[in-house]
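**Student:** A single structure is presented below for examination.
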Amino acid sequence: MPVTENIADDALDLKTQIVRFVLTGGLSAVVDFGLYFLLFEVVGLPVNVAKSISFIAGTTTAYLINRRWTFKAEPSRARFVAVVILYAVTFAVQVGLNWVMYHAFPDEWWRLPLAFVIAQGTATVINFVVQRAVIFKIH
(Lines give C-alpha, C1' and ligand atoms only; values in the text may rest on other atoms or scores of the structure.)
Protein backbone atom coordinates (compact mmCIF):
# COMPACT_ATOMS: atom_id res chain seq x y z
CA MET A 1 0.00 0.00 0.00
CA PRO A 2 1.55 3.36 -1.01
CA VAL A 3 2.28 5.85 1.76
CA THR A 4 0.16 8.53 0.05
CA GLU A 5 -3.03 6.49 -0.43
CA ASN A 6 -6.03 8.67 0.45
CA ILE A 7 -3.80 11.35 1.95
CA ALA A 8 -3.17 14.72 0.30
CA ASP A 9 -2.04 14.47 -3.33
CA ASP A 10 -1.48 10.89 -4.49
CA ALA A 11 0.83 12.20 -7.25
CA LEU A 12 3.52 13.10 -4.70
CA ASP A 13 4.99 10.65 -2.23
CA LEU A 14 5.57 11.42 1.43
CA LYS A 15 9.30 12.08 1.00
CA THR A 16 8.71 14.62 -1.78
CA GLN A 17 6.03 16.36 0.25
CA ILE A 18 8.26 16.52 3.33
CA VAL A 19 11.19 17.96 1.35
CA ARG A 20 8.96 20.56 -0.30
CA PHE A 21 7.27 21.37 3.01
CA VAL A 22 10.66 21.87 4.70
CA LEU A 23 11.93 24.11 1.87
CA THR A 24 8.73 26.14 1.92
CA GLY A 25 8.91 26.29 5.70
CA GLY A 26 12.50 27.53 5.52
CA LEU A 27 11.52 30.39 3.25
CA SER A 28 8.46 31.17 5.37
CA ALA A 29 10.57 31.09 8.54
CA VAL A 30 12.94 33.64 7.01
CA VAL A 31 9.95 35.89 6.30
CA ASP A 32 8.56 35.27 9.80
CA PHE A 33 11.80 35.71 11.76
CA GLY A 34 13.04 38.61 9.64
CA LEU A 35 9.86 40.55 10.17
CA TYR A 36 9.71 39.53 13.87
CA PHE A 37 13.26 40.74 14.49
CA LEU A 38 12.64 43.97 12.58
CA LEU A 39 9.38 44.77 14.36
CA PHE A 40 10.67 43.86 17.83
CA GLU A 41 14.30 44.97 17.80
CA VAL A 42 14.20 47.87 15.33
CA VAL A 43 10.66 49.25 15.50
CA GLY A 44 10.23 48.43 19.20
CA LEU A 45 6.84 46.72 19.12
CA PRO A 46 5.95 44.49 22.08
CA VAL A 47 7.11 40.88 21.66
CA ASN A 48 3.59 39.44 21.17
CA VAL A 49 2.54 42.13 18.68
CA ALA A 50 5.73 41.68 16.64
CA LYS A 51 5.37 37.88 16.70
CA SER A 52 1.69 38.04 15.77
CA ILE A 53 2.33 40.18 12.69
CA SER A 54 5.31 38.10 11.61
CA PHE A 55 3.33 34.86 12.10
CA ILE A 56 0.59 36.07 9.77
CA ALA A 57 3.13 37.03 7.09
CA GLY A 58 5.04 33.76 7.41
CA THR A 59 2.02 31.47 7.44
CA THR A 60 0.41 33.25 4.50
CA THR A 61 3.62 32.71 2.53
CA ALA A 62 3.70 29.04 3.57
CA TYR A 63 0.07 28.33 2.72
CA LEU A 64 0.24 29.85 -0.75
CA ILE A 65 3.40 27.92 -1.66
CA ASN A 66 2.31 24.66 -0.02
CA ARG A 67 -1.09 24.69 -1.71
CA ARG A 68 0.42 25.05 -5.17
CA TRP A 69 3.76 23.28 -4.94
CA THR A 70 3.93 20.90 -1.96
CA PHE A 71 0.43 19.43 -2.11
CA LYS A 72 -0.60 20.53 -5.64
CA ALA A 73 -4.12 21.41 -4.54
CA GLU A 74 -6.66 23.53 -6.34
CA PRO A 75 -8.24 26.48 -4.52
CA SER A 76 -11.21 25.51 -2.33
CA ARG A 77 -13.40 27.48 0.06
CA ALA A 78 -13.70 24.51 2.42
CA ARG A 79 -9.91 24.10 2.42
CA PHE A 80 -9.46 27.82 3.04
CA VAL A 81 -11.77 27.68 6.07
CA ALA A 82 -9.90 24.62 7.39
CA VAL A 83 -6.59 26.45 6.95
CA VAL A 84 -7.89 29.50 8.81
CA ILE A 85 -8.90 27.24 11.72
CA LEU A 86 -5.56 25.40 11.66
CA TYR A 87 -3.61 28.66 11.54
CA ALA A 88 -5.67 30.06 14.43
CA VAL A 89 -4.66 27.04 16.50
CA THR A 90 -1.01 27.14 15.46
CA PHE A 91 -1.03 30.91 15.96
CA ALA A 92 -2.01 30.43 19.59
CA VAL A 93 0.53 27.62 20.02
CA GLN A 94 3.34 29.54 18.34
CA VAL A 95 2.80 32.96 19.91
CA GLY A 96 2.08 31.45 23.32
CA LEU A 97 5.06 29.10 23.25
CA ASN A 98 7.30 31.89 21.95
CA TRP A 99 6.21 34.11 24.85
CA VAL A 100 6.78 31.38 27.43
CA MET A 101 10.21 30.48 26.06
CA TYR A 102 11.24 34.14 25.63
CA HIS A 103 10.49 34.83 29.30
CA ALA A 104 11.91 31.51 30.52
CA PHE A 105 15.37 32.14 29.08
CA PRO A 106 17.91 34.59 30.53
CA ASP A 107 18.36 37.96 28.85
CA GLU A 108 21.08 36.78 26.47
CA TRP A 109 21.63 37.36 22.74
CA TRP A 110 20.29 33.87 21.92
CA ARG A 111 16.97 34.23 23.79
CA LEU A 112 14.96 35.66 20.87
CA PRO A 113 16.13 33.19 18.19
CA LEU A 114 15.89 30.15 20.49
CA ALA A 115 12.34 31.01 21.60
CA PHE A 116 11.46 31.49 17.92
CA VAL A 117 12.96 28.15 16.84
CA ILE A 118 11.15 26.20 19.56
CA ALA A 119 7.80 27.83 18.79
CA GLN A 120 8.29 27.58 15.02
CA GLY A 121 9.34 23.93 15.18
CA THR A 122 6.31 22.95 17.21
CA ALA A 123 3.94 24.80 14.88
CA THR A 124 5.63 23.31 11.80
CA VAL A 125 5.07 19.73 12.93
CA ILE A 126 1.43 20.45 13.74
CA ASN A 127 0.93 22.17 10.37
CA PHE A 128 2.47 19.38 8.29
CA VAL A 129 0.52 16.60 9.94
CA VAL A 130 -2.83 18.38 9.76
CA GLN A 131 -2.31 19.75 6.24
CA ARG A 132 -1.23 16.41 4.81
CA ALA A 133 -3.74 14.24 6.63
CA VAL A 134 -6.77 16.54 6.59
CA ILE A 135 -6.66 19.87 4.78
CA PHE A 136 -5.29 18.84 1.42
CA LYS A 137 -7.71 15.92 1.26
CA ILE A 138 -10.58 18.44 1.18
CA HIS A 139 -11.95 19.20 -2.27
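We name chains A, B, ... following the order of the C-alpha coordinates; residues begin at 1 in each chain, and ligands are numbered from 1 as shown.
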What lies within 12 Å of Ala29 (chain A) using only C-alpha atoms, ignoring chain neighbours under 6 positions off, as a list in words?
**Tutor:** Phe21, Val22, Leu23, Leu35, Tyr36, Phe37, Lys51, Ser54, Phe55, Ile56, Ala57, Gly58, Thr59, Thr60, Thr61, Ala62, Pro113, Phe116, Val117, Ala119, Gln120, Gly121, Ala123 and Thr124 of chain A
**Student:** Name all residues at most 9 Å from region 126-138 of chain A (count only C-alpha atoms; drop same-chain ones fewer than 6 positions away) and give them as a PyMOL selection string.
**Tutor:** chain A and resi 6-9+17-18+21+67+71-73+76+78-80+82-83+86-87+90
**Student:** Counting only C-alpha atoms, which of A:Ser52, A:Asn66, A:Asn98, A:Thr122 gets nearest to Arg20 (chain A)?
**Tutor:**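 Using only C-alpha atoms, the shortest distance to Arg20 (chain A) belongs to A:Asn66.
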**Student:** Take CA of Tyr63 (chain A) and CA of Gly34 (chain A) and report the distance between them in Å, one decimal.
**Tutor:**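 Going from CA of Tyr63 (chain A) over to CA of Gly34 (chain A), I get 17.9 Å.
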**Student:** Nearest residue to Gly96 (chain A) out of A:Leu12, A:Val125, A:Val47, A:Leu64, using only C-alpha atoms?
**Tutor:**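 Using only C-alpha atoms, the shortest distance to Gly96 (chain A) belongs to A:Val47.
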**Student:** For CA of Val42 (chain A) and CA of Leu114 (chain A), determine how far apart the two atoms are, in Å to one decimal place.
**Tutor:** 18.5 Å
